[in-house]
Amino acid sequence: MSQHTFIVNGTSVTVDVEDDVRLLWVLRDVLKLTGPKYGCGINVCKACTSHFNGKAFNPCAVRVADIGPDDEITTIEGLADTAPGDLHPMQEAWLEHDVAQCGYCQPGQIMAAVALVNKAHAQNREITEADLDEIRNVCRCGTYSRIREAIKAGAANM
Amino acid sequence: MTPALPIPEPLPGGDAAPGAGAPAGGVSRRGFLGYVMAASTLVAAADLGLSSPAAAMIPSGPQIPELYDLGDAQTDAARPTANLITIRITENGEAEFALPRSEVGQGITTSTAMIIAEELDLPVDKVHVTLAPARPELAFNQLTGGSNTTVSTYTPIRVAAAIAKQALLEAAAIQLGSVVALLVSKAGVISAPDGSSITYGELAPIAASPVTRPVGIVLKDSSEFTVVGKPQNRVDAHDIVTGKKRFAMDLDIPDALPTMVCRPPTLNGTAKSVRNTLTVQAMPGVTDVAIIPTGVAVRAKTFGQCIDAIRALDVAWNPGTVEGQDDASVLANLRKAELPLLVPNVPLLAKQVNASFEFMFKSSAALEPYCAIADVRGDRAEIWAGLKVPIVAQVEVAKAVDLLQTQVKVNVITGGGSFGHKLFPDHAVEAARASKAFGKPVKLMWHRADEPRQGRMHPMATSRIRATYLGGQVLTFEQRHTSVSTDFTHGFGEMISSLGAQLPTGLGNLGYAELIFTLTQELPYHFGLITQTLTETDQRFKTGSMRNIYSPDVATANELVVDMLAAKMGKDPLAFRLSTLKDARTKAVLKKVAEVGKWGRPMPAGMAQGIAIHKEYKGSTACLVEIDCRPETVNRPIRDGVGGPRVTKAVIAIDAGLVINPRGLEAQMMGGFADGLAMALTGSVHLKEGHFLEASWDNYFYTRQWNIPPDFTAIAMPSNGEQPGGAGEAGVACSVAAVACAYARATGRVPKRFPINHDDPISFEVKPFIPPVPQSPTDGLDWTF
Ligand code: FES
Ligand code: FES
């Protein structure tokens, strides 16, 4: 076992765990941050999507040893604090469009959506249908159409 | 089982004409009997069997005792309140209710809160609906399935809420020195004409009763509804978008460490021995290793270390149930069981349409894989899991770990989707066995790879149809549906007892499957003599009722033949359906989608519209789609996924009788459509050499963003009648049928096998079977965006 220090949702944490344990399990099983969900463990379903230094990533596919002390991990639990107001505009849009069904995929969907919109805005453009088609997050409850509507609405307020 | 309740007397003031549609257990259309319970705060109750439409169909006696024996029945008969559901008014003026059903995303906690809010005149957010643990005394009235929750709980919940409000009004009348008739209740406050007022919270202890007493009540007329029928967002939405909603995997039960199972390389195999137990036990984080009936269980500090342990295990395996078998051999077996189609007795000049369809195995797994927490001790066990039939879970867990049913506590946790998967307690039983083997609590999770490979399947089936017609009239319609056996041993609906289906004769299951088929299938057309039969064979697979059971396959076969008949007779598919449908409600939803979807508008070559209907769950649905089968669309590149034909537009409409929450209903239509789309085009598993090839979402092609129609509309028709219909499954059958019909029209070929891409070359690299789970990658930081 060895010690690993990094920043989660604005707070520096240190965990005692083997180097090759994937960050998803460090977040969920060690730090008890259960917002990022397990749906495959092989970077396919995207249910665990969170942010690494502001960009979307999948902690099920990253060793804890590959995260440095200055790296900032943001999970769904910390998303609201990255924007003014009680909730992030994307979360507001999700409520407005009543997107969720069982809710299992939705933390990952929201984290992916925020990153996708940030990326488009950084390129000085709006989100397109083609961008939406490329979202890989699985929703087994089939809320895909509402997700698309909410992303467009959320993007307008970001 | 008949609730041991007094037969209600007619209530004074009940406004329905005597005998006019009096529901079972009710007094008149809106007059009912319930209770104010003995408690220190106001608790109102009603019998869960009230007006439950299935109650009359419960088979008496023989199956029940094992689930719920004579001794239990005697105890409960002495307690007339055993089957009650109760609504409690708290001292802060809010209502609490433990729903004896399971929320798996279908929105029943929201719709239930709405029903209570309506009768109680409380805001929806002041009503707190939780899920009740297993209540054995409820027997078949604690099963979530068949889209039956609202159908069966609507009246009793209303009665309990209305009784609570009446008790509050009566107490308020005394407190405010007024009379009930002059009081007004609004948003949890009761006001008198003189302007004085008192809150539900203040009234709750005053309205409490020291003894349980029966109370007659008249329900609100639906014309007075202000909450029911209005769009309502989900009550758990805020928790979901902030990551606070907890699923079984998220619970922090002391010492319940991550646990997974190393599963056999072929379907339903078993572990003979482990050659390196000590080595694996010494791996970082690993605490325990043991053989259980489904494989080798490992427990560790993190799930990641469970995966490492599974991959390191060296296990000798016993063969499974379908060694060496593949899709073709299972299909050949089905063909042997098919009943012959009859040569109908029709005039010589009548013409025939013959068709035969094949439906491949599909996985019903949700995004949340099977997960259950178990803490099994010497004389008791406790389970936490998403379960739709918690009583059966209690029975099966007790059996598996040699305890009495009464020594097992089963907590129902909101599930991350079900689609029929959580009808079975497979995960709870497995967790209990692992916990017993280790002598420690476990949080057992299935790896994603386990789900399509060893999890429950929708069975492979064939459907053959022969229809005859003459002079524009369909004379006969004969359907022979033949299926790999569907496992109904979880007990289905209040009609079927779980243990009855495990009859030692082996015939039990067959009989129930046929009963369920008969009770769900209806071809609502004027097609002369209609016969639909089910034959089931082959019990080697772990199957289950995937969302909507037989209907998606049956409806697809039927609606394709309806189109074939229309074509033979030179009629338009919409006009032919409208002229032969029997009932006004189905016609109305069909007309609605035709109008909104602009049926008949010109389409380029390679594209077409399709239209289909379905009637079930006391409601009607219709779907119109437009599909693009042009090569440039079909062959569009998709990384680690499949494109294929793209549905570019879909319109789906439902008449669900009395609508509780139109927004929730439309959401169910959207989800049902996504399922139907996968069933028609992309979603199946392939059996080869005794195991299923698919191991994750990059192999099993459930609908993804790149498959869904950019233009999608769901329409909840206005409330129609006083009885709510089902929603959870109602959207699937017409969706898959409409996509199939559109595909046939776009390509000029009626597809014979579903999903239509099943015979395409396998587009993914098959993951190894030993070890049974893939290692998590380490290159995640190369894929950030
Ligand atoms: S669990 Fe991380 S992508 Fe599926
Ligand atoms: S809401 Fe259930 S998986 Fe997306």
# chains A, B, ... in the order shown; residues from 1 in each chain; ligands from 1
call {"tool": "select_by_dssp", "arguments": {"residues": "range 36-141 of chain A", "states": "strand (DSSP E)", "output": "VMD selection string"}}
result
chain A and resid 50 to 52 55 to 57 72 to 74
call {"tool": "write_last_selection", "arguments": {"atoms": "C-alpha atoms", "output": "PDB file, in the first residue's frame"}}
result
ATOM      1  CA  SER A  50     -16.292  12.795 -13.743  1.00  0.00           C
ATOM      2  CA  HIS A  51     -13.882  15.675 -14.423  1.00  0.00           C
ATOM      3  CA  PHE A  52     -10.081  15.635 -14.334  1.00  0.00           C
ATOM      4  CA  LYS A  55     -12.178  17.736 -18.555  1.00  0.00           C
ATOM      5  CA  ALA A  56     -14.439  14.688 -18.726  1.00  0.00           C
ATOM      6  CA  PHE A  57     -12.748  11.387 -17.926  1.00  0.00           C
ATOM      7  CA  GLU A  72      -8.362  18.226  -9.376  1.00  0.00           C
ATOM      8  CA  ILE A  73     -11.044  15.600  -9.570  1.00  0.00           C
ATOM      9  CA  THR A  74     -14.631  16.809  -9.700  1.00  0.00           C
TER      10      THR A  74
END
call {"tool": "residues_around", "arguments": {"residues": "range 12-25 of chain A", "least_positions_apart": "2", "cutoff": "8 Å", "atoms": "only C-alpha atoms", "output": "PDB file with all heavy atoms, in the first residue's frame"}}
result
ATOM      1  N   MET A   1       0.843  -1.198   0.000  1.00  0.00           N
ATOM      2  CA  MET A   1       0.000   0.000   0.000  1.00  0.00           C
ATOM      3  C   MET A   1       0.870   1.238   0.000  1.00  0.00           C
ATOM      4  O   MET A   1       1.956   1.246   0.550  1.00  0.00           O
ATOM      5  CB  MET A   1      -0.882   0.018   1.259  1.00  0.00           C
ATOM      6  CG  MET A   1      -1.935  -1.047   1.229  1.00  0.00           C
ATOM      7  SD  MET A   1      -3.529  -0.482   1.762  1.00  0.00           S
ATOM      8  CE  MET A   1      -3.360  -0.652   3.527  1.00  0.00           C
ATOM      9  N   SER A   2       0.376   2.282  -0.633  1.00  0.00           N
ATOM     10  CA  SER A   2       1.114   3.532  -0.563  1.00  0.00           C
ATOM     11  C   SER A   2       0.119   4.680  -0.510  1.00  0.00           C
ATOM     12  O   SER A   2      -1.059   4.507  -0.776  1.00  0.00           O
ATOM     13  CB  SER A   2       2.054   3.667  -1.754  1.00  0.00           C
ATOM     14  OG  SER A   2       1.359   3.351  -2.934  1.00  0.00           O
ATOM     15  N   GLN A   3       0.656   5.849  -0.168  1.00  0.00           N
ATOM     16  CA  GLN A   3      -0.217   7.006   0.014  1.00  0.00           C
ATOM     17  C   GLN A   3      -0.354   7.780  -1.285  1.00  0.00           C
ATOM     18  O   GLN A   3       0.608   7.926  -2.032  1.00  0.00           O
ATOM     19  CB  GLN A   3       0.367   7.899   1.098  1.00  0.00           C
ATOM     20  CG  GLN A   3       0.415   7.199   2.443  1.00  0.00           C
ATOM     21  CD  GLN A   3       0.140   8.158   3.580  1.00  0.00           C
ATOM     22  OE1 GLN A   3       0.583   9.307   3.535  1.00  0.00           O
ATOM     23  NE2 GLN A   3      -0.594   7.708   4.583  1.00  0.00           N
ATOM     24  N   HIS A   4      -1.563   8.259  -1.546  1.00  0.00           N
ATOM     25  CA  HIS A   4      -1.827   9.045  -2.744  1.00  0.00           C
ATOM     26  C   HIS A   4      -2.603  10.280  -2.338  1.00  0.00           C
ATOM     27  O   HIS A   4      -3.594  10.178  -1.625  1.00  0.00           O
ATOM     28  CB  HIS A   4      -2.642   8.244  -3.746  1.00  0.00           C
ATOM     29  CG  HIS A   4      -2.011   6.931  -4.094  1.00  0.00           C
ATOM     30  ND1 HIS A   4      -1.050   6.804  -5.072  1.00  0.00           N
ATOM     31  CD2 HIS A   4      -2.153   5.705  -3.556  1.00  0.00           C
ATOM     32  CE1 HIS A   4      -0.649   5.546  -5.136  1.00  0.00           C
ATOM     33  NE2 HIS A   4      -1.301   4.846  -4.216  1.00  0.00           N
ATOM     34  N   THR A   5      -2.102  11.419  -2.807  1.00  0.00           N
ATOM     35  CA  THR A   5      -2.759  12.684  -2.463  1.00  0.00           C
ATOM     36  C   THR A   5      -3.249  13.351  -3.749  1.00  0.00           C
ATOM     37  O   THR A   5      -2.540  13.365  -4.756  1.00  0.00           O
ATOM     38  CB  THR A   5      -1.771  13.606  -1.724  1.00  0.00           C
ATOM     39  OG1 THR A   5      -1.353  12.934  -0.533  1.00  0.00           O
ATOM     40  CG2 THR A   5      -2.415  14.938  -1.357  1.00  0.00           C
ATOM     41  N   PHE A   6      -4.461  13.829  -3.730  1.00  0.00           N
ATOM     42  CA  PHE A   6      -5.012  14.578  -4.866  1.00  0.00           C
ATOM     43  C   PHE A   6      -6.186  15.404  -4.357  1.00  0.00           C
ATOM     44  O   PHE A   6      -6.548  15.317  -3.171  1.00  0.00           O
ATOM     45  CB  PHE A   6      -5.426  13.651  -6.012  1.00  0.00           C
ATOM     46  CG  PHE A   6      -6.291  12.486  -5.591  1.00  0.00           C
ATOM     47  CD1 PHE A   6      -7.661  12.573  -5.669  1.00  0.00           C
ATOM     48  CD2 PHE A   6      -5.718  11.302  -5.107  1.00  0.00           C
ATOM     49  CE1 PHE A   6      -8.460  11.521  -5.269  1.00  0.00           C
ATOM     50  CE2 PHE A   6      -6.514  10.239  -4.713  1.00  0.00           C
ATOM     51  CZ  PHE A   6      -7.899  10.342  -4.795  1.00  0.00           C
ATOM     52  N   ILE A   7      -6.765  16.216  -5.253  1.00  0.00           N
ATOM     53  CA  ILE A   7      -7.842  17.115  -4.817  1.00  0.00           C
ATOM     54  C   ILE A   7      -9.175  16.576  -5.332  1.00  0.00           C
ATOM     55  O   ILE A   7      -9.312  16.282  -6.517  1.00  0.00           O
ATOM     56  CB  ILE A   7      -7.600  18.549  -5.351  1.00  0.00           C
ATOM     57  CG1 ILE A   7      -6.253  19.062  -4.804  1.00  0.00           C
ATOM     58  CG2 ILE A   7      -8.735  19.491  -4.962  1.00  0.00           C
ATOM     59  CD1 ILE A   7      -5.733  20.280  -5.531  1.00  0.00           C
ATOM     60  N   VAL A   8     -10.127  16.401  -4.432  1.00  0.00           N
ATOM     61  CA  VAL A   8     -11.468  15.956  -4.834  1.00  0.00           C
ATOM     62  C   VAL A   8     -12.482  17.013  -4.429  1.00  0.00           C
ATOM     63  O   VAL A   8     -12.565  17.366  -3.249  1.00  0.00           O
ATOM     64  CB  VAL A   8     -11.858  14.619  -4.165  1.00  0.00           C
ATOM     65  CG1 VAL A   8     -13.245  14.194  -4.632  1.00  0.00           C
ATOM     66  CG2 VAL A   8     -10.861  13.537  -4.509  1.00  0.00           C
ATOM     67  N   GLY A  10     -12.521  20.091  -4.579  1.00  0.00           N
ATOM     68  CA  GLY A  10     -11.964  21.263  -3.911  1.00  0.00           C
ATOM     69  C   GLY A  10     -11.185  20.977  -2.644  1.00  0.00           C
ATOM     70  O   GLY A  10     -10.570  21.876  -2.070  1.00  0.00           O
ATOM     71  N   LEU A  27     -12.625   6.394  -5.196  1.00  0.00           N
ATOM     72  CA  LEU A  27     -13.699   7.350  -4.902  1.00  0.00           C
ATOM     73  C   LEU A  27     -14.851   6.661  -4.180  1.00  0.00           C
ATOM     74  O   LEU A  27     -15.314   7.127  -3.146  1.00  0.00           O
ATOM     75  CB  LEU A  27     -14.229   7.983  -6.208  1.00  0.00           C
ATOM     76  CG  LEU A  27     -13.257   8.874  -6.984  1.00  0.00           C
ATOM     77  CD1 LEU A  27     -13.850   9.244  -8.347  1.00  0.00           C
ATOM     78  CD2 LEU A  27     -12.945  10.146  -6.189  1.00  0.00           C
ATOM     79  N   ARG A  28     -15.291   5.529  -4.733  1.00  0.00           N
ATOM     80  CA  ARG A  28     -16.504   4.888  -4.222  1.00  0.00           C
ATOM     81  C   ARG A  28     -16.260   4.070  -2.944  1.00  0.00           C
ATOM     82  O   ARG A  28     -16.957   4.241  -1.947  1.00  0.00           O
ATOM     83  CB  ARG A  28     -17.118   3.968  -5.287  1.00  0.00           C
ATOM     84  CG  ARG A  28     -17.732   4.709  -6.484  1.00  0.00           C
ATOM     85  CD  ARG A  28     -18.436   3.710  -7.399  1.00  0.00           C
ATOM     86  NE  ARG A  28     -19.343   2.894  -6.621  1.00  0.00           N
ATOM     87  CZ  ARG A  28     -20.621   3.196  -6.385  1.00  0.00           C
ATOM     88  NH1 ARG A  28     -21.151   4.279  -6.924  1.00  0.00           N
ATOM     89  NH2 ARG A  28     -21.360   2.407  -5.640  1.00  0.00           N
ATOM     90  N   ASP A  29     -15.292   3.184  -2.995  1.00  0.00           N
ATOM     91  CA  ASP A  29     -15.123   2.236  -1.891  1.00  0.00           C
ATOM     92  C   ASP A  29     -14.302   2.808  -0.743  1.00  0.00           C
ATOM     93  O   ASP A  29     -14.505   2.435   0.406  1.00  0.00           O
ATOM     94  CB  ASP A  29     -14.441   0.946  -2.392  1.00  0.00           C
ATOM     95  CG  ASP A  29     -15.265   0.222  -3.457  1.00  0.00           C
ATOM     96  OD1 ASP A  29     -16.469   0.516  -3.559  1.00  0.00           O
ATOM     97  OD2 ASP A  29     -14.709  -0.627  -4.185  1.00  0.00           O
ATOM     98  N   VAL A  30     -13.345   3.697  -1.055  1.00  0.00           N
ATOM     99  CA  VAL A  30     -12.495   4.230   0.003  1.00  0.00           C
ATOM    100  C   VAL A  30     -13.033   5.573   0.498  1.00  0.00           C
ATOM    101  O   VAL A  30     -13.239   5.772   1.682  1.00  0.00           O
ATOM    102  CB  VAL A  30     -11.032   4.358  -0.469  1.00  0.00           C
ATOM    103  CG1 VAL A  30     -10.152   4.883   0.656  1.00  0.00           C
ATOM    104  CG2 VAL A  30     -10.509   3.005  -0.989  1.00  0.00           C
ATOM    105  N   PRO A  36     -20.326   8.983  -8.822  1.00  0.00           N
ATOM    106  CA  PRO A  36     -19.890   8.290 -10.042  1.00  0.00           C
ATOM    107  C   PRO A  36     -20.290   6.814  -9.952  1.00  0.00           C
ATOM    108  O   PRO A  36     -19.974   6.148  -8.979  1.00  0.00           O
ATOM    109  CB  PRO A  36     -18.360   8.434 -10.016  1.00  0.00           C
ATOM    110  CG  PRO A  36     -18.050   9.473  -8.972  1.00  0.00           C
ATOM    111  CD  PRO A  36     -19.191   9.446  -8.007  1.00  0.00           C
ATOM    112  N   TYR A  38     -20.778   2.721 -11.264  1.00  0.00           N
ATOM    113  CA  TYR A  38     -20.155   1.634 -12.020  1.00  0.00           C
ATOM    114  C   TYR A  38     -21.180   1.062 -12.996  1.00  0.00           C
ATOM    115  O   TYR A  38     -22.307   0.734 -12.597  1.00  0.00           O
ATOM    116  CB  TYR A  38     -19.704   0.513 -11.083  1.00  0.00           C
ATOM    117  CG  TYR A  38     -19.369  -0.774 -11.825  1.00  0.00           C
ATOM    118  CD1 TYR A  38     -18.105  -0.964 -12.382  1.00  0.00           C
ATOM    119  CD2 TYR A  38     -20.328  -1.777 -12.000  1.00  0.00           C
ATOM    120  CE1 TYR A  38     -17.801  -2.117 -13.090  1.00  0.00           C
ATOM    121  CE2 TYR A  38     -20.026  -2.940 -12.705  1.00  0.00           C
ATOM    122  CZ  TYR A  38     -18.764  -3.105 -13.250  1.00  0.00           C
ATOM    123  OH  TYR A  38     -18.471  -4.243 -13.946  1.00  0.00           O
ATOM    124  N   CYS A  48     -19.478   6.391 -14.970  1.00  0.00           N
ATOM    125  CA  CYS A  48     -18.590   6.929 -13.935  1.00  0.00           C
ATOM    126  C   CYS A  48     -18.019   8.294 -14.312  1.00  0.00           C
ATOM    127  O   CYS A  48     -17.211   8.847 -13.566  1.00  0.00           O
ATOM    128  CB  CYS A  48     -17.452   5.944 -13.672  1.00  0.00           C
ATOM    129  SG  CYS A  48     -16.313   5.735 -15.060  1.00  0.00           S
ATOM    130  N   ASN A  58     -12.963   9.064 -17.325  1.00  0.00           N
ATOM    131  CA  ASN A  58     -13.623   7.926 -16.702  1.00  0.00           C
ATOM    132  C   ASN A  58     -12.705   7.265 -15.677  1.00  0.00           C
ATOM    133  O   ASN A  58     -11.748   6.579 -16.047  1.00  0.00           O
ATOM    134  CB  ASN A  58     -14.113   6.959 -17.775  1.00  0.00           C
ATOM    135  CG  ASN A  58     -15.265   7.607 -18.518  1.00  0.00           C
ATOM    136  OD1 ASN A  58     -15.064   8.311 -19.512  1.00  0.00           O
ATOM    137  ND2 ASN A  58     -16.461   7.458 -17.979  1.00  0.00           N
ATOM    138  N   PRO A  59     -12.991   7.489 -14.403  1.00  0.00           N
ATOM    139  CA  PRO A  59     -12.099   7.024 -13.345  1.00  0.00           C
ATOM    140  C   PRO A  59     -11.967   5.500 -13.261  1.00  0.00           C
ATOM    141  O   PRO A  59     -11.049   5.005 -12.615  1.00  0.00           O
ATOM    142  CB  PRO A  59     -12.717   7.595 -12.063  1.00  0.00           C
ATOM    143  CG  PRO A  59     -14.101   7.983 -12.414  1.00  0.00           C
ATOM    144  CD  PRO A  59     -14.112   8.289 -13.874  1.00  0.00           C
ATOM    145  N   CYS A  60     -12.850   4.761 -13.937  1.00  0.00           N
ATOM    146  CA  CYS A  60     -12.692   3.302 -13.916  1.00  0.00           C
ATOM    147  C   CYS A  60     -11.481   2.885 -14.741  1.00  0.00           C
ATOM    148  O   CYS A  60     -11.040   1.740 -14.665  1.00  0.00           O
ATOM    149  CB  CYS A  60     -13.944   2.596 -14.435  1.00  0.00           C
ATOM    150  SG  CYS A  60     -14.249   2.822 -16.195  1.00  0.00           S
ATOM    151  N   ALA A  61     -10.935   3.822 -15.537  1.00  0.00           N
ATOM    152  CA  ALA A  61      -9.829   3.479 -16.420  1.00  0.00           C
ATOM    153  C   ALA A  61      -8.560   4.265 -16.093  1.00  0.00           C
ATOM    154  O   ALA A  61      -7.710   4.478 -16.953  1.00  0.00           O
ATOM    155  CB  ALA A  61     -10.249   3.722 -17.874  1.00  0.00           C
ATOM    156  N   VAL A  62      -8.437   4.709 -14.833  1.00  0.00           N
ATOM    157  CA  VAL A  62      -7.247   5.466 -14.429  1.00  0.00           C
ATOM    158  C   VAL A  62      -6.744   4.920 -13.092  1.00  0.00           C
ATOM    159  O   VAL A  62      -7.512   4.798 -12.134  1.00  0.00           O
ATOM    160  CB  VAL A  62      -7.581   6.969 -14.280  1.00  0.00           C
ATOM    161  CG1 VAL A  62      -6.363   7.740 -13.773  1.00  0.00           C
ATOM    162  CG2 VAL A  62      -8.066   7.547 -15.607  1.00  0.00           C
ATOM    163  N   ARG A  63      -5.445   4.591 -13.032  1.00  0.00           N
ATOM    164  CA  ARG A  63      -4.869   4.123 -11.775  1.00  0.00           C
ATOM    165  C   ARG A  63      -4.707   5.303 -10.819  1.00  0.00           C
ATOM    166  O   ARG A  63      -4.340   6.392 -11.243  1.00  0.00           O
ATOM    167  CB  ARG A  63      -3.486   3.497 -12.015  1.00  0.00           C
ATOM    168  CG  ARG A  63      -3.508   2.290 -12.926  1.00  0.00           C
ATOM    169  CD  ARG A  63      -2.100   1.785 -13.257  1.00  0.00           C
ATOM    170  NE  ARG A  63      -1.060   2.787 -13.024  1.00  0.00           N
ATOM    171  CZ  ARG A  63       0.050   2.546 -12.310  1.00  0.00           C
ATOM    172  NH1 ARG A  63       0.271   1.347 -11.810  1.00  0.00           N
ATOM    173  NH2 ARG A  63       0.949   3.493 -12.142  1.00  0.00           N
ATOM    174  N   VAL A  64      -4.927   5.051  -9.555  1.00  0.00           N
ATOM    175  CA  VAL A  64      -4.822   6.143  -8.586  1.00  0.00           C
ATOM    176  C   VAL A  64      -3.404   6.710  -8.592  1.00  0.00           C
ATOM    177  O   VAL A  64      -3.203   7.919  -8.396  1.00  0.00           O
ATOM    178  CB  VAL A  64      -5.262   5.672  -7.168  1.00  0.00           C
ATOM    179  CG1 VAL A  64      -4.359   4.581  -6.623  1.00  0.00           C
ATOM    180  CG2 VAL A  64      -5.324   6.851  -6.196  1.00  0.00           C
ATOM    181  N   ALA A  65      -2.415   5.882  -8.892  1.00  0.00           N
ATOM    182  CA  ALA A  65      -1.025   6.355  -8.892  1.00  0.00           C
ATOM    183  C   ALA A  65      -0.756   7.345 -10.020  1.00  0.00           C
ATOM    184  O   ALA A  65       0.234   8.076  -9.991  1.00  0.00           O
ATOM    185  CB  ALA A  65      -0.078   5.157  -9.016  1.00  0.00           C
ATOM    186  N   PRO A  69      -0.689  15.199  -6.888  1.00  0.00           N
ATOM    187  CA  PRO A  69      -1.242  15.978  -5.762  1.00  0.00           C
ATOM    188  C   PRO A  69      -1.958  17.256  -6.188  1.00  0.00           C
ATOM    189  O   PRO A  69      -2.827  17.738  -5.475  1.00  0.00           O
ATOM    190  CB  PRO A  69      -0.012  16.299  -4.906  1.00  0.00           C
ATOM    191  CG  PRO A  69       1.182  15.858  -5.672  1.00  0.00           C
ATOM    192  CD  PRO A  69       0.750  14.976  -6.793  1.00  0.00           C
TER     193      PRO A  69
ATOM    194  N   PRO B 284      -3.379  -8.326  -2.539  1.00  0.00           N
ATOM    195  CA  PRO B 284      -3.696  -7.081  -1.835  1.00  0.00           C
ATOM    196  C   PRO B 284      -5.216  -6.858  -1.737  1.00  0.00           C
ATOM    197  O   PRO B 284      -5.932  -6.981  -2.730  1.00  0.00           O
ATOM    198  CB  PRO B 284      -3.066  -5.996  -2.713  1.00  0.00           C
ATOM    199  CG  PRO B 284      -2.055  -6.693  -3.557  1.00  0.00           C
ATOM    200  CD  PRO B 284      -2.467  -8.123  -3.664  1.00  0.00           C
ATOM    201  N   THR B 302     -11.716  -3.323  -2.166  1.00  0.00           N
ATOM    202  CA  THR B 302     -12.342  -2.556  -3.252  1.00  0.00           C
ATOM    203  C   THR B 302     -12.806  -3.537  -4.327  1.00  0.00           C
ATOM    204  O   THR B 302     -12.303  -4.665  -4.427  1.00  0.00           O
ATOM    205  CB  THR B 302     -11.351  -1.565  -3.911  1.00  0.00           C
ATOM    206  OG1 THR B 302     -10.332  -2.336  -4.572  1.00  0.00           O
ATOM    207  CG2 THR B 302     -10.700  -0.630  -2.907  1.00  0.00           C
ATOM    208  N   PHE B 303     -13.770  -3.083  -5.145  1.00  0.00           N
ATOM    209  CA  PHE B 303     -14.218  -3.939  -6.244  1.00  0.00           C
ATOM    210  C   PHE B 303     -13.084  -4.184  -7.242  1.00  0.00           C
ATOM    211  O   PHE B 303     -13.005  -5.236  -7.866  1.00  0.00           O
ATOM    212  CB  PHE B 303     -15.437  -3.322  -6.941  1.00  0.00           C
ATOM    213  CG  PHE B 303     -16.721  -3.547  -6.190  1.00  0.00           C
ATOM    214  CD1 PHE B 303     -17.392  -2.501  -5.585  1.00  0.00           C
ATOM    215  CD2 PHE B 303     -17.262  -4.827  -6.090  1.00  0.00           C
ATOM    216  CE1 PHE B 303     -18.576  -2.714  -4.889  1.00  0.00           C
ATOM    217  CE2 PHE B 303     -18.443  -5.056  -5.392  1.00  0.00           C
ATOM    218  CZ  PHE B 303     -19.104  -3.989  -4.789  1.00  0.00           C
ATOM    219  N   GLY B 304     -12.195  -3.181  -7.369  1.00  0.00           N
ATOM    220  CA  GLY B 304     -11.061  -3.363  -8.272  1.00  0.00           C
ATOM    221  C   GLY B 304     -10.220  -4.564  -7.859  1.00  0.00           C
ATOM    222  O   GLY B 304      -9.742  -5.343  -8.696  1.00  0.00           O
ATOM    223  N   GLN B 305     -10.046  -4.732  -6.564  1.00  0.00           N
ATOM    224  CA  GLN B 305      -9.250  -5.869  -6.083  1.00  0.00           C
ATOM    225  C   GLN B 305     -10.021  -7.185  -6.215  1.00  0.00           C
ATOM    226  O   GLN B 305      -9.426  -8.244  -6.366  1.00  0.00           O
ATOM    227  CB  GLN B 305      -8.782  -5.586  -4.645  1.00  0.00           C
ATOM    228  CG  GLN B 305      -7.702  -4.492  -4.657  1.00  0.00           C
ATOM    229  CD  GLN B 305      -7.531  -3.762  -3.342  1.00  0.00           C
ATOM    230  OE1 GLN B 305      -8.497  -3.570  -2.591  1.00  0.00           O
ATOM    231  NE2 GLN B 305      -6.310  -3.324  -3.070  1.00  0.00           N
ATOM    232  N   SER B 776      -9.734  -3.697 -16.021  1.00  0.00           N
ATOM    233  CA  SER B 776     -10.020  -2.292 -16.316  1.00  0.00           C
ATOM    234  C   SER B 776      -8.811  -1.687 -17.001  1.00  0.00           C
ATOM    235  O   SER B 776      -7.672  -1.947 -16.602  1.00  0.00           O
ATOM    236  CB  SER B 776     -10.299  -1.533 -15.024  1.00  0.00           C
ATOM    237  OG  SER B 776     -11.475  -2.014 -14.430  1.00  0.00           O
ATOM    238  N   THR B 778      -6.058   1.276 -18.236  1.00  0.00           N
ATOM    239  CA  THR B 778      -5.324   2.261 -17.434  1.00  0.00           C
ATOM    240  C   THR B 778      -5.059   3.542 -18.232  1.00  0.00           C
ATOM    241  O   THR B 778      -4.378   4.436 -17.758  1.00  0.00           O
ATOM    242  CB  THR B 778      -3.962   1.682 -16.989  1.00  0.00           C
ATOM    243  OG1 THR B 778      -3.255   1.241 -18.149  1.00  0.00           O
ATOM    244  CG2 THR B 778      -4.142   0.515 -16.038  1.00  0.00           C
TER     245      THR B 778
END
call {"tool": "residues_near_ligand", "arguments": {"ligand": "ligand 2", "cutoff": "8 Å", "atoms": "only C-alpha atoms and all ligand atoms", "output": "list in words"}}
result
Val99, Ala100, Gln101, Cys102, Gly103, Tyr104, Cys105, Gln106, Val138, Cys139, Arg140, Cys141, Gly142 and Thr143 of chain A; Gly105, Ala366, Leu367, Glu368, Gly416 and Gly417 of chain B
call {"tool": "residues_around", "arguments": {"residues": "Met607 in chain B", "least_positions_apart": "2", "cutoff": "7 Å", "atoms": "only C-alpha atoms", "output": "VMD selection string"}}
result
chain B and resid 603 to 605 627 to 630 746
